[in-house]
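To be precise, the following lines are entry03.txt, and they hold compact mmCIF, N, CA and C atoms.
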# COMPACT_ATOMS: atom_id res chain seq x y z
N MET O 16 0.85 -1.16 0.00
CA MET O 16 0.00 0.00 0.00
C MET O 16 0.90 1.23 0.00
N MET O 17 0.61 2.15 -0.89
CA MET O 17 1.38 3.38 -0.97
C MET O 17 0.88 4.35 0.10
N ASN O 18 1.72 5.23 0.51
CA ASN O 18 1.36 6.21 1.53
C ASN O 18 0.15 7.03 1.09
N GLY O 19 -0.91 7.04 1.90
CA GLY O 19 -2.10 7.81 1.58
C GLY O 19 -3.19 7.01 0.89
N ASP O 20 -2.87 5.83 0.37
CA ASP O 20 -3.88 4.99 -0.26
C ASP O 20 -4.65 4.24 0.81
N SER O 21 -5.95 4.04 0.59
CA SER O 21 -6.77 3.28 1.52
C SER O 21 -7.53 2.21 0.74
N TYR O 22 -7.48 1.01 1.24
CA TYR O 22 -8.22 -0.10 0.65
C TYR O 22 -9.05 -0.73 1.75
N TYR O 23 -10.33 -0.87 1.52
CA TYR O 23 -11.20 -1.45 2.53
C TYR O 23 -11.92 -2.65 1.93
N PHE O 24 -11.96 -3.72 2.69
CA PHE O 24 -12.71 -4.91 2.31
C PHE O 24 -13.67 -5.18 3.45
N GLY O 25 -14.96 -5.21 3.16
CA GLY O 25 -15.95 -5.41 4.22
C GLY O 25 -16.32 -4.08 4.84
N ASP O 26 -16.81 -4.14 6.06
CA ASP O 26 -17.30 -2.94 6.74
C ASP O 26 -16.15 -2.05 7.18
N ASN O 27 -16.39 -0.76 7.11
CA ASN O 27 -15.43 0.22 7.59
C ASN O 27 -16.23 1.28 8.34
N VAL O 28 -15.85 1.54 9.57
CA VAL O 28 -16.56 2.53 10.38
C VAL O 28 -15.54 3.50 10.95
N THR O 29 -15.80 4.77 10.78
CA THR O 29 -14.98 5.80 11.39
C THR O 29 -15.89 6.64 12.27
N MET O 30 -15.52 6.80 13.53
CA MET O 30 -16.35 7.56 14.46
C MET O 30 -15.51 8.70 15.03
N TYR O 31 -16.11 9.85 15.10
CA TYR O 31 -15.45 11.01 15.66
C TYR O 31 -16.26 11.49 16.85
N GLY O 32 -15.79 11.19 18.04
CA GLY O 32 -16.47 11.64 19.25
C GLY O 32 -17.81 10.95 19.45
N GLY O 33 -18.66 11.59 20.25
CA GLY O 33 -19.98 11.06 20.53
C GLY O 33 -20.00 10.25 21.81
N THR O 34 -21.19 9.95 22.27
CA THR O 34 -21.35 9.12 23.45
C THR O 34 -22.42 8.07 23.17
N GLY O 35 -22.34 6.98 23.85
CA GLY O 35 -23.33 5.94 23.71
C GLY O 35 -23.28 5.22 22.38
N ASN O 36 -22.15 5.27 21.70
CA ASN O 36 -22.02 4.56 20.42
C ASN O 36 -21.94 3.07 20.72
N THR O 37 -22.92 2.31 20.22
CA THR O 37 -22.98 0.89 20.59
C THR O 37 -22.89 -0.07 19.42
N GLY O 38 -22.88 0.37 18.20
CA GLY O 38 -22.79 -0.59 17.11
C GLY O 38 -23.13 0.03 15.78
N MET O 39 -23.32 -0.84 14.78
CA MET O 39 -23.62 -0.40 13.42
C MET O 39 -24.96 -0.97 13.00
N VAL O 40 -25.62 -0.26 12.13
CA VAL O 40 -26.82 -0.78 11.50
C VAL O 40 -26.39 -1.43 10.20
N LYS O 41 -26.75 -2.67 10.02
CA LYS O 41 -26.41 -3.39 8.80
C LYS O 41 -27.69 -3.50 7.98
N ASN O 42 -27.65 -3.06 6.76
CA ASN O 42 -28.83 -3.09 5.91
C ASN O 42 -28.68 -4.05 4.74
N ALA O 43 -27.86 -5.06 4.90
CA ALA O 43 -27.71 -6.06 3.84
C ALA O 43 -28.95 -6.93 3.81
N ALA O 44 -29.54 -7.07 2.66
CA ALA O 44 -30.76 -7.87 2.53
C ALA O 44 -30.43 -9.35 2.47
N PRO O 45 -31.17 -10.17 3.22
CA PRO O 45 -30.97 -11.61 3.11
C PRO O 45 -31.34 -12.08 1.71
N THR O 46 -30.71 -13.13 1.29
CA THR O 46 -30.97 -13.62 -0.06
C THR O 46 -31.89 -14.84 -0.02
N ALA O 47 -32.61 -15.08 -1.11
CA ALA O 47 -33.49 -16.24 -1.21
C ALA O 47 -32.64 -17.49 -1.40
N LEU O 48 -33.18 -18.61 -0.96
CA LEU O 48 -32.47 -19.88 -1.12
C LEU O 48 -32.53 -20.34 -2.57
N ASP O 49 -31.46 -20.90 -3.04
CA ASP O 49 -31.48 -21.46 -4.39
C ASP O 49 -32.32 -22.74 -4.35
N PRO O 50 -32.88 -23.19 -5.47
CA PRO O 50 -33.83 -24.32 -5.47
C PRO O 50 -33.26 -25.61 -4.85
N GLU O 51 -31.99 -25.90 -5.08
CA GLU O 51 -31.40 -27.12 -4.51
C GLU O 51 -31.33 -27.03 -2.99
N VAL O 52 -30.92 -25.86 -2.47
CA VAL O 52 -30.85 -25.67 -1.02
C VAL O 52 -32.26 -25.70 -0.44
N ARG O 53 -33.19 -25.04 -1.11
CA ARG O 53 -34.58 -25.01 -0.65
C ARG O 53 -35.14 -26.42 -0.49
N SER O 54 -34.92 -27.26 -1.48
CA SER O 54 -35.39 -28.64 -1.43
C SER O 54 -34.76 -29.40 -0.26
N ALA O 55 -33.47 -29.22 -0.07
CA ALA O 55 -32.76 -29.89 1.02
C ALA O 55 -33.27 -29.41 2.38
N VAL O 56 -33.54 -28.11 2.50
CA VAL O 56 -34.05 -27.55 3.76
C VAL O 56 -35.46 -28.07 4.04
N GLU O 57 -36.28 -28.17 3.01
CA GLU O 57 -37.64 -28.71 3.20
C GLU O 57 -37.58 -30.15 3.71
N ALA O 58 -36.70 -30.96 3.13
CA ALA O 58 -36.55 -32.35 3.59
C ALA O 58 -36.03 -32.39 5.03
N LEU O 59 -35.07 -31.52 5.35
CA LEU O 59 -34.52 -31.47 6.70
C LEU O 59 -35.60 -31.09 7.71
N THR O 60 -36.40 -30.09 7.41
CA THR O 60 -37.41 -29.66 8.39
C THR O 60 -38.43 -30.78 8.65
N ALA O 61 -38.75 -31.56 7.64
CA ALA O 61 -39.64 -32.71 7.85
C ALA O 61 -38.98 -33.73 8.78
N GLN O 62 -37.70 -33.99 8.57
CA GLN O 62 -36.97 -34.92 9.45
C GLN O 62 -36.92 -34.39 10.88
N LEU O 63 -36.72 -33.09 11.03
CA LEU O 63 -36.64 -32.50 12.36
C LEU O 63 -37.97 -32.60 13.10
N ARG O 64 -39.08 -32.44 12.38
CA ARG O 64 -40.40 -32.57 13.03
C ARG O 64 -40.59 -33.99 13.56
N ASP O 65 -40.11 -34.97 12.82
CA ASP O 65 -40.18 -36.36 13.29
C ASP O 65 -39.27 -36.58 14.50
N LEU O 66 -38.04 -36.08 14.42
CA LEU O 66 -37.09 -36.25 15.51
C LEU O 66 -37.57 -35.57 16.78
N ARG O 67 -38.21 -34.42 16.62
CA ARG O 67 -38.67 -33.63 17.76
C ARG O 67 -39.51 -34.44 18.74
N THR O 68 -40.32 -35.35 18.23
CA THR O 68 -41.20 -36.13 19.09
C THR O 68 -40.46 -37.23 19.84
N GLN O 69 -39.18 -37.43 19.51
CA GLN O 69 -38.43 -38.55 20.09
C GLN O 69 -37.24 -38.11 20.93
N VAL O 70 -37.14 -36.83 21.22
CA VAL O 70 -36.01 -36.33 22.01
C VAL O 70 -36.54 -35.69 23.29
N PRO O 71 -35.67 -35.52 24.30
CA PRO O 71 -36.08 -34.88 25.55
C PRO O 71 -36.54 -33.44 25.32
N PRO O 72 -37.32 -32.89 26.26
CA PRO O 72 -37.85 -31.53 26.10
C PRO O 72 -36.82 -30.44 25.78
N PRO O 73 -35.64 -30.42 26.42
CA PRO O 73 -34.68 -29.35 26.05
C PRO O 73 -34.24 -29.45 24.58
N ALA O 74 -34.06 -30.67 24.09
CA ALA O 74 -33.66 -30.85 22.69
C ALA O 74 -34.82 -30.47 21.77
N ALA O 75 -36.04 -30.82 22.16
CA ALA O 75 -37.22 -30.44 21.37
C ALA O 75 -37.35 -28.92 21.31
N GLN O 76 -37.01 -28.25 22.40
CA GLN O 76 -37.07 -26.78 22.41
C GLN O 76 -36.05 -26.19 21.43
N THR O 77 -34.87 -26.76 21.37
CA THR O 77 -33.86 -26.29 20.41
C THR O 77 -34.38 -26.45 18.98
N ILE O 78 -35.02 -27.57 18.70
CA ILE O 78 -35.60 -27.77 17.37
C ILE O 78 -36.70 -26.74 17.12
N ASP O 79 -37.57 -26.54 18.12
CA ASP O 79 -38.66 -25.56 17.98
C ASP O 79 -38.13 -24.16 17.68
N GLU O 80 -37.05 -23.78 18.34
CA GLU O 80 -36.47 -22.45 18.15
C GLU O 80 -35.78 -22.33 16.79
N SER O 81 -35.30 -23.45 16.26
CA SER O 81 -34.56 -23.43 15.00
C SER O 81 -35.46 -23.52 13.78
N LEU O 82 -36.60 -24.20 13.89
CA LEU O 82 -37.46 -24.41 12.72
C LEU O 82 -37.88 -23.12 12.03
N PRO O 83 -38.29 -22.06 12.75
CA PRO O 83 -38.67 -20.84 12.03
C PRO O 83 -37.53 -20.22 11.24
N VAL O 84 -36.31 -20.34 11.74
CA VAL O 84 -35.14 -19.79 11.06
C VAL O 84 -34.79 -20.64 9.84
N LEU O 85 -35.05 -21.94 9.94
CA LEU O 85 -34.73 -22.85 8.85
C LEU O 85 -35.81 -22.92 7.78
N ALA O 86 -36.99 -22.42 8.08
CA ALA O 86 -38.08 -22.49 7.10
C ALA O 86 -37.62 -21.94 5.76
N PRO O 87 -37.92 -22.65 4.66
CA PRO O 87 -37.43 -22.21 3.35
C PRO O 87 -37.82 -20.78 2.98
N ASP O 88 -38.95 -20.30 3.48
CA ASP O 88 -39.38 -18.93 3.15
C ASP O 88 -38.95 -17.91 4.19
N ALA O 89 -38.20 -18.34 5.22
CA ALA O 89 -37.77 -17.41 6.27
C ALA O 89 -36.82 -16.37 5.68
N VAL O 90 -37.04 -15.14 6.04
CA VAL O 90 -36.16 -14.05 5.61
C VAL O 90 -35.18 -13.81 6.76
N VAL O 91 -34.04 -14.48 6.67
CA VAL O 91 -33.03 -14.41 7.73
C VAL O 91 -31.66 -14.23 7.12
N GLN O 92 -30.77 -13.71 7.91
CA GLN O 92 -29.38 -13.57 7.49
C GLN O 92 -28.76 -14.96 7.37
N PRO O 93 -27.83 -15.14 6.45
CA PRO O 93 -27.18 -16.46 6.29
C PRO O 93 -26.55 -16.97 7.58
N GLN O 94 -25.99 -16.07 8.39
CA GLN O 94 -25.36 -16.50 9.64
C GLN O 94 -26.38 -17.08 10.60
N ALA O 95 -27.58 -16.54 10.63
CA ALA O 95 -28.63 -17.06 11.51
C ALA O 95 -29.04 -18.46 11.06
N ARG O 96 -29.16 -18.66 9.76
CA ARG O 96 -29.51 -19.99 9.24
C ARG O 96 -28.40 -20.99 9.57
N THR O 97 -27.16 -20.59 9.43
CA THR O 97 -26.03 -21.47 9.74
C THR O 97 -26.04 -21.85 11.22
N ARG O 98 -26.29 -20.87 12.10
CA ARG O 98 -26.34 -21.16 13.54
C ARG O 98 -27.47 -22.14 13.85
N ALA O 99 -28.63 -21.98 13.22
CA ALA O 99 -29.74 -22.89 13.44
C ALA O 99 -29.40 -24.29 12.95
N LEU O 100 -28.73 -24.38 11.80
CA LEU O 100 -28.30 -25.69 11.29
C LEU O 100 -27.35 -26.37 12.27
N MET O 101 -26.43 -25.61 12.82
CA MET O 101 -25.47 -26.18 13.77
C MET O 101 -26.18 -26.64 15.04
N ALA O 102 -27.18 -25.88 15.48
CA ALA O 102 -27.92 -26.24 16.69
C ALA O 102 -28.67 -27.56 16.49
N VAL O 103 -29.36 -27.71 15.36
CA VAL O 103 -30.11 -28.95 15.16
C VAL O 103 -29.18 -30.12 14.90
N ALA O 104 -28.02 -29.87 14.32
CA ALA O 104 -27.04 -30.95 14.14
C ALA O 104 -26.56 -31.44 15.49
N GLY O 105 -26.40 -30.51 16.44
CA GLY O 105 -26.00 -30.90 17.80
C GLY O 105 -27.06 -31.77 18.46
N VAL O 106 -28.32 -31.40 18.30
CA VAL O 106 -29.41 -32.21 18.84
C VAL O 106 -29.41 -33.58 18.18
N ALA O 107 -29.30 -33.61 16.87
CA ALA O 107 -29.32 -34.87 16.13
C ALA O 107 -28.15 -35.77 16.53
N ALA O 108 -27.00 -35.17 16.78
CA ALA O 108 -25.82 -35.96 17.16
C ALA O 108 -26.03 -36.68 18.49
N THR O 109 -26.86 -36.13 19.36
CA THR O 109 -27.12 -36.77 20.65
C THR O 109 -28.23 -37.79 20.57
N ALA O 110 -28.90 -37.90 19.42
CA ALA O 110 -30.04 -38.80 19.27
C ALA O 110 -29.66 -40.17 18.73
N GLY O 111 -28.37 -40.44 18.63
CA GLY O 111 -27.93 -41.74 18.16
C GLY O 111 -28.29 -41.99 16.71
N ALA O 112 -28.70 -43.22 16.42
CA ALA O 112 -28.99 -43.63 15.04
C ALA O 112 -30.10 -42.80 14.42
N LEU O 113 -31.05 -42.33 15.24
CA LEU O 113 -32.14 -41.49 14.72
C LEU O 113 -31.62 -40.20 14.11
N GLY O 114 -30.54 -39.69 14.67
CA GLY O 114 -30.03 -38.40 14.23
C GLY O 114 -29.05 -38.45 13.09
N VAL O 115 -28.53 -39.61 12.76
CA VAL O 115 -27.51 -39.72 11.71
C VAL O 115 -27.96 -39.10 10.39
N PRO O 116 -29.17 -39.43 9.88
CA PRO O 116 -29.57 -38.82 8.60
C PRO O 116 -29.71 -37.30 8.69
N ILE O 117 -30.04 -36.80 9.86
CA ILE O 117 -30.19 -35.35 10.03
C ILE O 117 -28.82 -34.68 10.01
N VAL O 118 -27.86 -35.26 10.70
CA VAL O 118 -26.50 -34.71 10.68
C VAL O 118 -25.98 -34.71 9.24
N GLU O 119 -26.22 -35.79 8.51
CA GLU O 119 -25.78 -35.86 7.11
C GLU O 119 -26.49 -34.80 6.27
N ALA O 120 -27.79 -34.59 6.51
CA ALA O 120 -28.54 -33.57 5.77
C ALA O 120 -28.01 -32.17 6.08
N VAL O 121 -27.74 -31.90 7.35
CA VAL O 121 -27.19 -30.59 7.74
C VAL O 121 -25.85 -30.37 7.06
N ASN O 122 -24.99 -31.37 7.09
CA ASN O 122 -23.67 -31.23 6.45
C ASN O 122 -23.82 -30.95 4.96
N GLY O 123 -24.77 -31.61 4.31
CA GLY O 123 -25.01 -31.38 2.89
C GLY O 123 -25.48 -29.95 2.63
N ILE O 124 -26.37 -29.45 3.48
CA ILE O 124 -26.88 -28.09 3.31
C ILE O 124 -25.75 -27.08 3.55
N LEU O 125 -24.95 -27.32 4.58
CA LEU O 125 -23.82 -26.42 4.84
C LEU O 125 -22.86 -26.38 3.66
N ARG O 126 -22.62 -27.53 3.03
CA ARG O 126 -21.77 -27.55 1.83
C ARG O 126 -22.41 -26.73 0.71
N LEU O 127 -23.72 -26.91 0.50
CA LEU O 127 -24.41 -26.15 -0.54
C LEU O 127 -24.36 -24.64 -0.28
N LEU O 128 -24.40 -24.28 0.99
CA LEU O 128 -24.34 -22.86 1.36
C LEU O 128 -22.92 -22.32 1.37
N GLY O 129 -21.94 -23.20 1.22
CA GLY O 129 -20.54 -22.77 1.24
C GLY O 129 -20.03 -22.51 2.64
N ALA O 130 -20.73 -23.04 3.65
CA ALA O 130 -20.34 -22.81 5.03
C ALA O 130 -19.53 -23.96 5.59
N GLN O 131 -19.17 -24.93 4.73
CA GLN O 131 -18.40 -26.08 5.21
C GLN O 131 -17.42 -26.50 4.15

Hey, can you dump this file as structure tokens for me?
Amino acid sequence: MMNGDSYYFGDNVTMYGGTGNTGMVKNAAPTALDPEVRSAVEALTAQLRDLRTQVPPPAAQTIDESLPVLAPDAVVQPQARTRALMAVAGVAATAGALGVPIVEAVNGILRLLGAQ
């Protein structure tokens, strides 16, 4: 970089004074799922509804909290969807043989999303 040149990749925030500065407003619009990911997510949510009835209440609550974020029509940031996928994979991993297909489905979706 030459003296005086500035190159920014990603967010750049410059603040001059002020009080109570607590963060940034991000206005990036979430993107729609591509058809292959959408199909995989629809299959996963059906599997999760089945698994939900066979796990302890705390695990069922994690599934309940994740399903709205995973819904194919949910308007969510990609990071939120990834966190929900990781949460349900954790539940599935504790469910033994019942959870194996769900963990595999989550891994496939993460690959499709480029998060793995």

Quiz item: Using all atoms listed in the file, which residues sit within 8 Å of Gln76 (chain O) once same-chain residues fewer than 6 positions away are excluded, as a ChimeraX atom specification?
Solution: /O:67,70,82

Quiz item: Can you tell me, as a count of residues only, what residues are no more than 8 Å from Val52 (chain O) when counting only C-alpha atoms, ignoring any on the same chain fewer than 3 positions away?
Solution: 7

Practice problem: For Val106 (chain O), work out the shell of residues within 6.5 Å, counting all atoms listed in the file and skipping chain neighbours fewer than 5 positions away, then give it as a ChimeraX atom specification. | Solution: /O:74,101,114

Practice problem: Using only N, CA and C atoms, find the one residue out of O:Ile78, O:Ala120, O:Ala108, O:Ala95 that sits nearest to Ala58 (chain O). | Solution: O:Ala120

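Picture a line from CA of Ala86 (chain O) to CA of Glu51 (chain O); it runs 14.2 Å.
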
Self-check item: In region 47-114 of chain O, DSSP alpha helix (DSSP H) residues written as a VMD selection string
Solution: chain O and resid 50 to 67 72 to 85 93 to 108

Quiz item: CA of Ala110 (chain O) and CA of Val90 (chain O) are how many Å apart?
Solution: 28.9 Å

Practice problem: Identify which of the residues O:Arg53, O:Leu59, O:Gly105, O:Val91 lies closest to Ala75 (chain O), counting only C-alpha atoms when measuring atom-to-atom distances. | Solution: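 Among O:Arg53, O:Leu59, O:Gly105, O:Val91, it is O:Gly105 that comes nearest to Ala75 (chain O).
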
Quiz item: Closest to Ser81 (chain O) among O:Ala61, O:Ala99, O:Val121, O:Ala130, using all atoms listed in the file?
Solution: O:Ala99

Could you work out an axis-aligned bounding box for all listed atoms of region 120-131 of chain O, with 4 Å added on each of the six sides, and give its centre and edge lengths in Å to one decimal, as AutoDock Vina command-line options?
--center_x -23.0 --center_y -28.5 --center_z 3.6 --size_x 19.1 --size_y 20.3 --size_z 16.3

Can you pull out every residue within 10 Å of Arg98 (chain O), counting only C-alpha atoms, but drop anything in the same chain fewer than 4 positions away, and send it as an mmCIF file with N, CA and C atoms, in the coordinates of the input?
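Output below, filename out34.cif:
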data_model
loop_
_atom_site.group_PDB
_atom_site.id
_atom_site.type_symbol
_atom_site.label_atom_id
_atom_site.label_comp_id
_atom_site.auth_asym_id
_atom_site.auth_seq_id
_atom_site.Cartn_x
_atom_site.Cartn_y
_atom_site.Cartn_z
ATOM 1 N N SER O 81 -35.300 -23.450 16.260
ATOM 2 C CA SER O 81 -34.560 -23.430 15.000
ATOM 3 C C SER O 81 -35.460 -23.520 13.780
ATOM 4 N N VAL O 84 -36.310 -20.340 11.740
ATOM 5 C CA VAL O 84 -35.140 -19.790 11.060
ATOM 6 C C VAL O 84 -34.790 -20.640 9.840
ATOM 7 N N LEU O 85 -35.050 -21.940 9.940
ATOM 8 C CA LEU O 85 -34.730 -22.850 8.850
ATOM 9 C C LEU O 85 -35.810 -22.920 7.780
ATOM 10 N N PRO O 93 -27.830 -15.140 6.450
ATOM 11 C CA PRO O 93 -27.180 -16.460 6.290
ATOM 12 C C PRO O 93 -26.550 -16.970 7.580
ATOM 13 N N GLN O 94 -25.990 -16.070 8.390
ATOM 14 C CA GLN O 94 -25.360 -16.500 9.640
ATOM 15 C C GLN O 94 -26.380 -17.080 10.600
ATOM 16 N N ALA O 102 -27.180 -25.880 15.480
ATOM 17 C CA ALA O 102 -27.920 -26.240 16.690
ATOM 18 C C ALA O 102 -28.670 -27.560 16.490
ATOM 19 N N VAL O 103 -29.360 -27.710 15.360
ATOM 20 C CA VAL O 103 -30.110 -28.950 15.160
ATOM 21 C C VAL O 103 -29.180 -30.120 14.900
ATOM 22 N N ALA O 104 -28.020 -29.870 14.320
ATOM 23 C CA ALA O 104 -27.040 -30.950 14.140
ATOM 24 C C ALA O 104 -26.560 -31.440 15.490
#

Quiz item: Between atom C of Gly111 (chain O) and atom C of Gln92 (chain O), what is the spacing in Å?
Solution: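 Here the two named atoms are 28.6 Å from each other.
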
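Among the candidate residues O:Thr97, O:Ala107, O:Pro87, O:Pro71, the one lying nearest to Glu119 (chain O) is O:Ala107, with distances computed using only C-alpha atoms.
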